[in-house]
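Structure file coords.txt (compact mmCIF, C-alpha atoms (C1' of nucleotides)) follows.
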# COMPACT_ATOMS: atom_id res chain seq x y z
CA MET A 3 50.75 3.60 -15.73
CA PHE A 4 48.41 6.53 -15.32
CA ARG A 5 46.19 6.53 -12.30
CA GLY A 6 43.84 8.89 -10.59
CA ILE A 7 41.61 11.76 -11.38
CA THR A 8 42.43 15.42 -11.85
CA ASN A 9 40.17 18.42 -12.10
CA LEU A 10 41.47 21.02 -14.45
CA ASN A 11 40.46 23.95 -16.57
CA ILE A 12 40.58 24.37 -20.28
CA ASP A 13 41.33 27.99 -21.08
CA THR A 14 39.58 30.12 -23.65
CA LYS A 15 42.06 29.05 -26.32
CA GLY A 16 41.33 25.39 -25.78
CA ARG A 17 44.54 24.59 -23.98
CA LEU A 18 44.85 21.95 -21.30
CA ALA A 19 47.71 21.64 -18.84
CA ILE A 20 48.84 18.04 -18.43
CA PRO A 21 49.41 17.46 -14.68
CA SER A 22 53.11 17.69 -14.04
CA ARG A 23 53.39 14.29 -12.41
CA TYR A 24 52.73 12.70 -15.80
CA ARG A 25 54.94 14.94 -17.88
CA ASP A 26 58.23 13.17 -17.25
CA VAL A 27 56.88 9.82 -18.43
CA ILE A 28 55.35 11.36 -21.49
CA THR A 29 58.50 13.25 -22.35
CA THR A 30 60.79 10.25 -21.98
CA GLU A 31 58.53 7.53 -23.39
CA ALA A 32 56.87 9.50 -26.15
CA SER A 33 59.12 12.56 -26.65
CA GLY A 34 56.23 14.73 -25.54
CA HIS A 35 54.03 13.56 -28.37
CA ILE A 36 50.41 13.01 -27.41
CA VAL A 37 47.48 11.79 -29.42
CA VAL A 38 43.94 12.80 -28.53
CA THR A 39 40.96 11.04 -30.02
CA VAL A 40 37.33 10.30 -29.25
CA ASP A 41 35.85 7.43 -27.38
CA HIS A 42 33.56 5.52 -29.69
CA THR A 43 30.86 4.78 -27.16
CA ASP A 44 30.80 7.79 -24.84
CA ARG A 45 31.10 11.48 -25.37
CA CYS A 46 34.57 11.79 -23.96
CA LEU A 47 38.10 12.00 -25.31
CA LEU A 48 40.97 9.56 -25.02
CA VAL A 49 44.49 10.82 -24.45
CA TYR A 50 47.42 8.57 -25.39
CA PRO A 51 51.15 9.07 -25.24
CA MET A 52 52.40 8.52 -28.77
CA ASN A 53 54.09 5.18 -28.09
CA GLU A 54 50.91 3.66 -26.73
CA TRP A 55 48.89 5.18 -29.52
CA ILE A 56 51.05 3.58 -32.19
CA ASP A 57 50.25 0.16 -30.72
CA LEU A 58 46.54 0.76 -30.90
CA GLU A 59 46.74 2.30 -34.32
CA GLN A 60 48.49 -0.77 -35.70
CA LYS A 61 45.79 -3.03 -34.35
CA LEU A 62 43.01 -0.89 -35.75
CA MET A 63 44.58 -0.66 -39.16
CA LYS A 64 44.73 -4.42 -39.46
CA LEU A 65 40.97 -4.69 -39.22
CA ASN A 66 39.29 -5.61 -42.44
CA ASN A 67 37.58 -2.46 -43.51
CA MET A 68 35.16 -4.21 -45.81
CA HIS A 69 33.16 -4.85 -42.64
CA ARG A 70 30.96 -1.95 -41.81
CA ARG A 71 31.37 -2.21 -38.07
CA ALA A 72 35.14 -2.27 -38.24
CA ARG A 73 35.19 0.53 -40.76
CA ASN A 74 33.11 2.70 -38.50
CA VAL A 75 35.34 2.12 -35.53
CA GLN A 76 38.29 3.09 -37.69
CA ARG A 77 36.49 6.16 -38.85
CA LEU A 78 35.75 7.28 -35.35
CA ILE A 79 38.96 6.47 -33.56
CA LEU A 80 41.56 6.93 -36.27
CA GLY A 81 39.60 9.67 -37.91
CA HIS A 82 39.49 11.83 -34.82
CA ALA A 83 43.00 11.07 -33.65
CA HIS A 84 44.95 14.28 -33.51
CA GLU A 85 48.56 14.72 -32.53
CA CYS A 86 48.80 17.39 -29.84
CA ASP A 87 52.30 18.03 -28.62
CA LEU A 88 53.18 19.47 -25.26
CA ASP A 89 54.02 23.15 -25.53
CA SER A 90 56.76 24.84 -23.53
CA GLN A 91 54.43 25.06 -20.51
CA GLY A 92 53.44 21.41 -20.60
CA ARG A 93 50.07 22.09 -22.15
CA ILE A 94 48.34 20.64 -25.17
CA LEU A 95 45.93 22.38 -27.49
CA VAL A 96 42.80 20.30 -27.89
CA PRO A 97 41.39 20.85 -31.39
CA ALA A 98 38.01 22.53 -31.56
CA PRO A 99 36.18 19.61 -33.23
CA LEU A 100 37.23 17.27 -30.43
CA ARG A 101 36.20 19.73 -27.75
CA GLU A 102 32.82 19.94 -29.36
CA TYR A 103 32.48 16.18 -29.54
CA ALA A 104 33.03 15.82 -25.81
CA GLY A 105 31.12 18.96 -24.89
CA LEU A 106 34.18 20.39 -23.22
CA ALA A 107 33.76 23.88 -21.92
CA LYS A 108 35.90 25.16 -19.08
CA LYS A 109 35.82 22.58 -16.33
CA ALA A 110 37.20 19.23 -17.31
CA VAL A 111 38.22 15.99 -15.62
CA LEU A 112 41.23 13.92 -16.58
CA VAL A 113 40.92 10.30 -15.55
CA GLY A 114 43.96 8.03 -15.55
CA GLN A 115 43.20 4.68 -17.18
CA MET A 116 46.57 2.93 -17.09
CA LYS A 117 47.91 3.32 -20.62
CA LYS A 118 45.73 6.27 -21.49
CA PHE A 119 43.61 9.04 -20.00
CA GLU A 120 39.98 9.80 -20.44
CA LEU A 121 39.04 13.44 -20.67
CA TRP A 122 35.52 14.41 -19.68
CA ASP A 123 33.54 17.56 -19.33
CA ALA A 124 33.16 17.96 -15.55
CA GLU A 125 29.40 17.89 -15.59
CA ALA A 126 29.19 14.94 -17.96
CA TRP A 127 31.63 13.04 -15.77
CA GLN A 128 29.50 13.71 -12.74
CA LYS A 129 26.48 12.20 -14.42
CA GLN A 130 28.45 9.32 -15.82
CA THR A 131 29.76 8.45 -12.37
CA GLU A 132 26.29 8.35 -10.92
CA ALA A 133 25.03 6.22 -13.75
CA MET A 134 27.90 3.78 -13.35
CA ILE A 135 27.34 3.42 -9.61
CA GLU A 136 23.69 2.82 -10.19
CA GLU A 137 24.43 0.15 -12.73
CA ALA A 138 26.99 -1.57 -10.56
CA ARG A 139 24.55 -1.73 -7.66
CA SER A 140 22.19 -3.94 -9.51
CA ASP A 141 23.17 -7.50 -8.73
CA ASP A 142 22.44 -9.09 -12.02
CA PHE A 143 25.08 -11.30 -13.48
CA ASP A 144 24.16 -11.13 -17.08
CA MET A 145 27.43 -9.35 -17.52
CA ASP A 146 30.57 -10.40 -19.18
CA GLU A 147 31.56 -13.66 -17.51
CA SER A 148 35.13 -12.52 -16.94
CA LEU A 149 33.95 -9.83 -14.55
CA ASN A 150 32.56 -12.43 -12.19
CA GLN A 151 36.02 -13.82 -11.72
CA VAL A 152 37.37 -10.65 -10.18
CA SER A 153 37.34 -10.09 -6.46
CA ILE A 154 37.60 -6.41 -5.67
CA MET B 24 50.03 8.43 -41.72
CA PHE B 25 47.14 10.84 -41.86
CA ARG B 26 45.24 11.29 -38.65
CA GLY B 27 42.67 13.61 -37.26
CA ILE B 28 39.77 15.67 -38.29
CA THR B 29 39.76 19.14 -39.81
CA ASN B 30 36.85 21.45 -40.43
CA LEU B 31 37.32 23.45 -43.55
CA ASN B 32 35.48 25.46 -46.13
CA ILE B 33 35.17 24.83 -49.81
CA ASP B 34 35.05 28.17 -51.55
CA THR B 35 32.68 29.16 -54.31
CA LYS B 36 35.11 27.92 -56.93
CA GLY B 37 35.21 24.46 -55.43
CA ARG B 38 38.67 24.78 -53.95
CA LEU B 39 39.77 23.04 -50.80
CA ALA B 40 42.86 23.93 -48.77
CA ILE B 41 44.78 20.87 -47.66
CA PRO B 42 45.82 21.46 -44.03
CA SER B 43 49.43 22.54 -43.99
CA ARG B 44 50.56 19.81 -41.64
CA TYR B 45 49.96 17.27 -44.41
CA ARG B 46 51.43 19.22 -47.28
CA ASP B 47 55.05 18.33 -46.72
CA VAL B 48 54.37 14.61 -46.85
CA ILE B 49 52.25 14.93 -49.94
CA THR B 50 54.84 17.06 -51.69
CA THR B 51 57.74 14.75 -50.93
CA GLU B 52 55.99 11.37 -51.26
CA ALA B 53 53.70 12.18 -54.14
CA SER B 54 55.18 15.34 -55.69
CA GLY B 55 51.99 17.15 -54.77
CA HIS B 56 49.84 14.87 -56.89
CA ILE B 57 46.53 13.94 -55.34
CA VAL B 58 43.74 11.69 -56.54
CA VAL B 59 40.16 12.23 -55.45
CA THR B 60 37.49 9.62 -55.98
CA VAL B 61 34.22 8.45 -54.49
CA ASP B 62 33.66 6.02 -51.66
CA HIS B 63 31.65 3.03 -52.82
CA THR B 64 29.66 2.60 -49.63
CA ASP B 65 29.05 6.09 -48.34
CA ARG B 66 28.37 9.45 -49.85
CA CYS B 67 31.80 10.82 -49.26
CA LEU B 68 34.99 11.31 -51.22
CA LEU B 69 38.34 9.63 -50.81
CA VAL B 70 41.53 11.63 -51.13
CA TYR B 71 44.78 9.79 -51.87
CA PRO B 72 48.32 11.00 -52.38
CA MET B 73 49.34 9.71 -55.80
CA ASN B 74 51.78 7.07 -54.53
CA GLU B 75 49.11 5.44 -52.38
CA TRP B 76 46.58 5.71 -55.14
CA ILE B 77 48.82 3.81 -57.55
CA ASP B 78 48.90 0.91 -55.10
CA LEU B 79 45.15 0.80 -54.80
CA GLU B 80 44.66 1.16 -58.51
CA GLN B 81 46.88 -1.85 -59.15
CA LYS B 82 44.89 -3.95 -56.71
CA LEU B 83 41.58 -2.93 -58.18
CA MET B 84 42.69 -3.61 -61.71
CA LYS B 85 43.63 -7.15 -60.77
CA LEU B 86 40.13 -7.94 -59.58
CA ASN B 87 38.34 -10.45 -61.72
CA ASN B 88 35.82 -8.29 -63.48
CA MET B 89 33.61 -11.17 -64.48
CA HIS B 90 32.02 -10.72 -61.10
CA ARG B 91 29.39 -8.07 -60.95
CA ARG B 92 30.43 -6.79 -57.56
CA ALA B 93 34.02 -6.37 -58.59
CA ARG B 94 33.09 -4.71 -61.84
CA ASN B 95 30.87 -2.23 -60.06
CA VAL B 96 33.53 -1.35 -57.54
CA GLN B 97 35.95 -0.76 -60.39
CA ARG B 98 33.46 1.42 -62.17
CA LEU B 99 32.80 3.52 -59.12
CA ILE B 100 36.26 3.93 -57.72
CA LEU B 101 38.39 3.93 -60.84
CA GLY B 102 35.77 5.68 -62.88
CA HIS B 103 35.43 8.64 -60.58
CA ALA B 104 39.11 9.00 -59.83
CA HIS B 105 40.34 12.43 -60.74
CA GLU B 106 43.80 13.84 -60.37
CA CYS B 107 43.75 17.12 -58.47
CA ASP B 108 47.15 18.67 -57.91
CA LEU B 109 48.05 21.08 -55.18
CA ASP B 110 48.11 24.63 -56.48
CA SER B 111 50.62 27.22 -55.36
CA GLN B 112 48.58 27.89 -52.21
CA GLY B 113 48.33 24.25 -51.21
CA ARG B 114 44.76 23.87 -52.41
CA ILE B 115 43.10 21.38 -54.68
CA LEU B 116 40.16 21.94 -56.97
CA VAL B 117 37.49 19.31 -56.39
CA PRO B 118 35.65 18.61 -59.65
CA ALA B 119 31.98 19.54 -59.64
CA PRO B 120 30.65 16.00 -60.27
CA LEU B 121 32.48 14.70 -57.23
CA ARG B 122 31.26 17.54 -55.08
CA GLU B 123 27.74 16.72 -56.10
CA TYR B 124 28.19 13.04 -55.34
CA ALA B 125 29.19 13.82 -51.78
CA GLY B 126 26.74 16.67 -51.35
CA LEU B 127 29.57 19.06 -50.63
CA ALA B 128 28.50 22.63 -50.19
CA LYS B 129 30.55 25.04 -48.16
CA LYS B 130 31.31 23.38 -44.86
CA ALA B 131 33.28 20.19 -45.19
CA VAL B 132 35.17 17.81 -42.94
CA LEU B 133 38.46 16.16 -43.83
CA VAL B 134 39.04 12.95 -41.90
CA GLY B 135 42.49 11.38 -41.80
CA GLN B 136 42.36 7.63 -42.37
CA MET B 137 46.02 6.66 -42.37
CA LYS B 138 46.88 6.27 -46.04
CA LYS B 139 44.02 8.39 -47.31
CA PHE B 140 41.49 11.00 -46.27
CA GLU B 141 37.76 10.93 -46.31
CA LEU B 142 36.02 14.14 -47.28
CA TRP B 143 32.50 14.67 -46.01
CA ASP B 144 29.90 17.35 -46.11
CA ALA B 145 29.83 18.71 -42.55
CA GLU B 146 26.22 17.91 -41.94
CA ALA B 147 26.44 14.41 -43.40
CA TRP B 148 29.48 13.71 -41.24
CA GLN B 149 27.61 14.85 -38.17
CA LYS B 150 24.84 12.37 -38.85
CA GLN B 151 27.26 9.62 -39.72
CA THR B 152 29.11 10.13 -36.45
CA GLU B 153 25.96 9.85 -34.41
CA ALA B 154 24.94 6.71 -36.23
CA MET B 155 28.35 5.17 -35.66
CA ILE B 156 28.29 5.90 -31.93
CA GLU B 157 24.86 4.45 -31.64
CA GLU B 158 25.98 1.30 -33.35
CA ALA B 159 29.13 0.97 -31.25
CA ARG B 160 27.14 1.34 -28.04
CA SER B 161 25.06 -1.72 -28.69
CA ASP B 162 26.81 -4.64 -27.11
CA ASP B 163 26.04 -7.27 -29.67
CA PHE B 164 28.91 -9.28 -30.95
CA ASP B 165 27.61 -10.07 -34.40
CA MET B 166 30.47 -8.05 -35.69
CA ASP B 167 33.66 -8.99 -37.32
CA GLU B 168 35.30 -11.28 -34.81
CA SER B 169 38.67 -9.54 -35.08
CA LEU B 170 37.19 -6.36 -33.65
CA ASN B 171 36.52 -8.11 -30.35
CA GLN B 172 40.22 -8.71 -29.93
CA VAL B 173 41.11 -5.06 -29.82
CA SER B 174 41.23 -3.26 -26.53
CA ILE B 175 40.92 0.45 -26.97
C1' DA C 27 57.11 33.78 6.05
C1' DC C 28 59.50 32.78 2.01
C1' DC C 29 60.48 30.25 -2.12
C1' DT C 30 59.57 27.05 -5.71
C1' DA C 31 56.69 24.38 -8.58
C1' DT C 32 52.48 24.26 -10.89
C1' DG C 33 48.25 25.84 -12.86
C1' DT C 34 46.05 29.72 -15.33
C1' DG C 35 45.44 33.56 -18.40
C1' DG C 36 46.44 36.64 -22.18
C1' DG C 37 49.35 39.65 -25.63
C1' DG C 38 51.30 39.40 -29.92
C1' DA C 39 54.14 37.62 -33.97
C1' DG C 40 53.83 34.61 -37.53
C1' DA C 41 51.59 30.88 -39.91
C1' DA C 42 47.62 29.04 -41.93
C1' DG C 43 42.90 29.32 -43.85
C1' DT C 44 39.59 32.03 -46.73
C1' DG C 45 37.85 34.67 -50.43
C1' DG C 46 37.84 37.10 -54.70
C1' DG C 47 39.99 39.73 -59.00
C1' DG C 48 41.78 38.80 -63.16
C1' DA C 49 44.88 36.44 -66.60
C1' DA C 50 45.56 32.15 -69.01
C1' DT C 51 43.77 28.04 -70.69
C1' DT C 52 40.41 24.93 -72.38
C1' DG C 53 36.26 23.73 -74.61
C1' DT C 54 32.17 24.60 -77.48
C1' DG C 55 29.27 26.38 -81.10
C1' DG C 56 28.84 29.00 -85.02
C1' DC D 27 39.01 28.83 -87.90
C1' DC D 28 37.46 32.16 -84.90
C1' DA D 29 34.65 34.08 -81.11
C1' DC D 30 32.67 33.43 -76.92
C1' DA D 31 31.95 31.16 -72.54
C1' DA D 32 33.44 28.46 -68.88
C1' DT D 33 36.95 26.76 -66.20
C1' DT D 34 41.36 26.73 -64.01
C1' DC D 35 45.10 28.83 -61.83
C1' DC D 36 48.06 32.54 -60.05
C1' DC D 37 48.24 36.41 -57.13
C1' DC D 38 47.05 39.44 -53.44
C1' DA D 39 44.25 40.94 -49.28
C1' DC D 40 42.05 39.79 -45.16
C1' DT D 41 40.81 36.94 -41.17
C1' DT D 42 41.56 33.33 -38.01
C1' DC D 43 44.32 30.23 -35.58
C1' DT D 44 48.50 28.55 -33.38
C1' DC D 45 52.30 28.93 -30.65
C1' DC D 46 55.79 31.39 -28.23
C1' DC D 47 56.50 34.36 -24.55
C1' DC D 48 55.70 36.60 -20.17
C1' DA D 49 52.98 37.49 -15.95
C1' DC D 50 50.38 36.39 -12.07
C1' DA D 51 48.01 33.47 -8.72
C1' DT D 52 47.89 29.61 -5.80
C1' DA D 53 49.50 25.78 -3.10
C1' DG D 54 52.86 23.07 -0.76
C1' DG D 55 57.16 22.47 1.39
C1' DT D 56 61.07 24.20 3.96
Is it possible to give me this structure as structure tokens?
Amino acid sequence: MFRGITNLNIDTKGRLAIPSRYRDVITTEASGHIVVTVDHTDRCLLVYPMNEWIDLEQKLMKLNNMHRRARNVQRLILGHAHECDLDSQGRILVPAPLREYAGLAKKAVLVGQMKKFELWDAEAWQKQTEAMIEEARSDDFDMDESLNQVSI
Amino acid sequence: MFRGITNLNIDTKGRLAIPSRYRDVITTEASGHIVVTVDHTDRCLLVYPMNEWIDLEQKLMKLNNMHRRARNVQRLILGHAHECDLDSQGRILVPAPLREYAGLAKKAVLVGQMKKFELWDAEAWQKQTEAMIEEARSDDFDMDESLNQVSI
DNA sequence: ACCTATGTGGGGAGAAGTGGGGAATTGTGG
DNA sequence: CCACAATTCCCCACTTCTCCCCACATAGGT
């Protein structure tokens, strides 16, 4: 399970060093194979070890693609999914189109989300955090019922 | 399985270089035979390795063509299908009528969709992406029920 | 204070993408 | 049936990208 947040830099060639504390898991569980794709609602990237990715991919492929909504989710998530293997220094090369999608320049933030990571441009993450706090403050309960069941 | 997005250029002769990471599979599985056809819902092209195309073709031919919808899908998909083999440099020549259908000029985007690729004009893809994000953001659940079951 | 592990940056070889010349093939009209 | 035009395909040249390697900088632990 991936937890926690890491600030890191993407170099001029678009490379990103995966924090070393995660490398062992990724190497053993996924043979160092990583899949990067886009998030379909926010301008950030999702980073999966290959084994976890395969699970998701299977589920997405089973969707009936005669439905527009499902087809579009497939287009976005499967369509942007790119295999990025760890190089000899434990880095991955994030493809240019994906960097553009997420507005990634130099400073980036890697956020552990259990089975995957989210990868944000530092500035975008900053704003997103503020927006999320603001939203959570408001007491309204028109939210997904299941959330009300959780005591934090 | 084809994944990921590639920006590429179509040259003045209408040739398109298939990214090298896919060539091996196409050569071994389909002897380098590729079929290009149109998508029946969007202005983009579909690119199949021959073996996958055969499957689809069989399915489409079995459709009861007394139904207008089915007959039109057959007309579009089967009718526009064109075999485009890899040349010695790993490129295919996209026939002019298909390029026109998809509005393909110079800049194009090749989107891996598991068993096939979608080929979009760069600008059209850009717009499509934005529209898809916008749609995914809206929380309504009028969508295909199966999509709600998937946790991304 | 030293050493090791980790993050960061860049040089350079080789692979991959791009573009055009020109021969071979196909198709069309006379 | 032939001549001409258009298209397709092979080949070569050039540019860009990817990946391996090495080097340094920084931080944390001993």
- Message: Excluding range 157-160 of chain B and its own-chain neighbours fewer than 5 positions away, which residues fall within 8 Å of it when counting only C-alpha atoms (C1' of nucleotides)? Please give them as number ranges by chain.
- Response: A: 42-43, 71, 75
- Could you list, as a PyMOL selection string, every residue of chain D that has an atom within 9 Å of an atom of chain B, counting all atoms listed in the file? chain D and resi 34-36
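For the pair CA of Val70 in chain B and CA of Val58 in chain B, the separation is 5.8 Å.
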Exercise answer, chain C residues close to chain B, 10 Å and all atoms listed in the file, as a compact mmCIF listing (two decimals) with C-alpha atoms (C1' of nucleotides), in the frame of the given file:
# COMPACT_ATOMS: atom_id res chain seq x y z
C1' DA C 41 51.59 30.88 -39.91
C1' DA C 42 47.62 29.04 -41.93
C1' DG C 43 42.90 29.32 -43.85
C1' DT C 44 39.59 32.03 -46.73
C1' DG C 45 37.85 34.67 -50.43
C1' DG C 46 37.84 37.10 -54.70
Identify all chain B residues at most 7 Å from chain A by counting all atoms listed in the file; ligands do not count. Present them as a CSV table (one decimal) with C-alpha atoms, keeping the file's coordinate frame.
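What ended up in part-v1.csv:
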chain,number,residue,atom,x,y,z
B,26,ARG,CA,45.2,11.3,-38.6
B,27,GLY,CA,42.7,13.6,-37.3
B,28,ILE,CA,39.8,15.7,-38.3
B,134,VAL,CA,39.0,13.0,-41.9
B,135,GLY,CA,42.5,11.4,-41.8
B,136,GLN,CA,42.4,7.6,-42.4
B,155,MET,CA,28.4,5.2,-35.7
B,156,ILE,CA,28.3,5.9,-31.9
B,159,ALA,CA,29.1,1.0,-31.2
B,160,ARG,CA,27.1,1.3,-28.0
B,166,MET,CA,30.5,-8.0,-35.7
B,167,ASP,CA,33.7,-9.0,-37.3
B,169,SER,CA,38.7,-9.5,-35.1
B,170,LEU,CA,37.2,-6.4,-33.6
B,173,VAL,CA,41.1,-5.1,-29.8
B,175,ILE,CA,40.9,0.4,-27.0
- Could you state the separation of CA of Val96 in chain A and CA of Leu121 in chain A in Å, given to one decimal place?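 The value is 10.6 Å.
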- Task: Name the residues within 9 Å of (45.4, 35.3, -62.9), counting only C-alpha atoms (C1' of nucleotides) in the file's coordinates, and put them as a VMD selection string.
- Result: (chain C and resid 47 to 50) or (chain D and resid 35 to 37)
- To one decimal in Å, tell me the separation between C1' of DC47 in chain D and CA of Arg46 in chain B.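 So the two atoms, C1' of DC47 in chain D and CA of Arg46 in chain B, lie 27.8 Å apart.
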Shell of 12 Å around DG37 in chain C, only C-alpha atoms (C1' of nucleotides), local chain residues under 3 positions omitted, as a tab-separated table (two decimals) with C-alpha atoms (C1' of nucleotides), in the frame of the given file:
chain	number	residue	atom	x	y	z
D	46	DC	C1'	55.79	31.39	-28.23
D	47	DC	C1'	56.50	34.36	-24.55
D	48	DC	C1'	55.70	36.60	-20.17
D	49	DA	C1'	52.98	37.49	-15.95
- Item | Spatial neighbours of Ser54 in chain B, 12 Å, all atoms listed in the file, chain gap at least 4 places, as a list in words |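 So the residues in contact are Arg46, Asp47, Val48, Ile49, Thr50, Pro72, Met73, Asn74, Cys107, Asp108, Leu109 and Asp110 of chain B.
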Can you give me N, CA, C and O atoms for range 85-96 of chain A, written as a PDB file, keeping the file's coordinate frame?
ATOM      1  N   GLU A  85      47.327  14.588 -33.298  1.00  0.00           N
ATOM      2  CA  GLU A  85      48.560  14.720 -32.530  1.00  0.00           C
ATOM      3  C   GLU A  85      48.609  16.106 -31.904  1.00  0.00           C
ATOM      4  O   GLU A  85      48.488  17.111 -32.583  1.00  0.00           O
ATOM      5  N   CYS A  86      48.756  16.137 -30.580  1.00  0.00           N
ATOM      6  CA  CYS A  86      48.800  17.390 -29.840  1.00  0.00           C
ATOM      7  C   CYS A  86      50.058  17.366 -28.990  1.00  0.00           C
ATOM      8  O   CYS A  86      50.094  16.657 -27.993  1.00  0.00           O
ATOM      9  N   ASP A  87      51.062  18.106 -29.372  1.00  0.00           N
ATOM     10  CA  ASP A  87      52.300  18.030 -28.620  1.00  0.00           C
ATOM     11  C   ASP A  87      52.300  18.987 -27.441  1.00  0.00           C
ATOM     12  O   ASP A  87      51.636  20.018 -27.460  1.00  0.00           O
ATOM     13  N   LEU A  88      53.041  18.612 -26.429  1.00  0.00           N
ATOM     14  CA  LEU A  88      53.180  19.470 -25.260  1.00  0.00           C
ATOM     15  C   LEU A  88      53.874  20.765 -25.654  1.00  0.00           C
ATOM     16  O   LEU A  88      54.891  20.739 -26.350  1.00  0.00           O
ATOM     17  N   ASP A  89      53.336  21.891 -25.251  1.00  0.00           N
ATOM     18  CA  ASP A  89      54.020  23.150 -25.530  1.00  0.00           C
ATOM     19  C   ASP A  89      55.047  23.410 -24.420  1.00  0.00           C
ATOM     20  O   ASP A  89      55.257  22.579 -23.544  1.00  0.00           O
ATOM     21  N   SER A  90      55.671  24.567 -24.468  1.00  0.00           N
ATOM     22  CA  SER A  90      56.760  24.840 -23.530  1.00  0.00           C
ATOM     23  C   SER A  90      56.271  24.922 -22.083  1.00  0.00           C
ATOM     24  O   SER A  90      57.063  24.845 -21.161  1.00  0.00           O
ATOM     25  N   GLN A  91      54.972  25.052 -21.875  1.00  0.00           N
ATOM     26  CA  GLN A  91      54.430  25.060 -20.510  1.00  0.00           C
ATOM     27  C   GLN A  91      53.793  23.737 -20.125  1.00  0.00           C
ATOM     28  O   GLN A  91      53.080  23.659 -19.136  1.00  0.00           O
ATOM     29  N   GLY A  92      54.022  22.712 -20.914  1.00  0.00           N
ATOM     30  CA  GLY A  92      53.440  21.410 -20.600  1.00  0.00           C
ATOM     31  C   GLY A  92      51.955  21.319 -20.866  1.00  0.00           C
ATOM     32  O   GLY A  92      51.245  20.531 -20.268  1.00  0.00           O
ATOM     33  N   ARG A  93      51.495  22.132 -21.805  1.00  0.00           N
ATOM     34  CA  ARG A  93      50.070  22.090 -22.150  1.00  0.00           C
ATOM     35  C   ARG A  93      49.884  21.505 -23.542  1.00  0.00           C
ATOM     36  O   ARG A  93      50.791  21.511 -24.359  1.00  0.00           O
ATOM     37  N   ILE A  94      48.690  21.023 -23.808  1.00  0.00           N
ATOM     38  CA  ILE A  94      48.340  20.640 -25.170  1.00  0.00           C
ATOM     39  C   ILE A  94      47.146  21.467 -25.619  1.00  0.00           C
ATOM     40  O   ILE A  94      46.345  21.912 -24.806  1.00  0.00           O
ATOM     41  N   LEU A  95      47.072  21.676 -26.907  1.00  0.00           N
ATOM     42  CA  LEU A  95      45.930  22.380 -27.490  1.00  0.00           C
ATOM     43  C   LEU A  95      44.961  21.339 -28.025  1.00  0.00           C
ATOM     44  O   LEU A  95      45.289  20.587 -28.933  1.00  0.00           O
ATOM     45  N   VAL A  96      43.796  21.280 -27.442  1.00  0.00           N
ATOM     46  CA  VAL A  96      42.800  20.300 -27.890  1.00  0.00           C
ATOM     47  C   VAL A  96      42.014  20.916 -29.046  1.00  0.00           C
ATOM     48  O   VAL A  96      41.391  21.962 -28.880  1.00  0.00           O
TER      49      VAL A  96
END
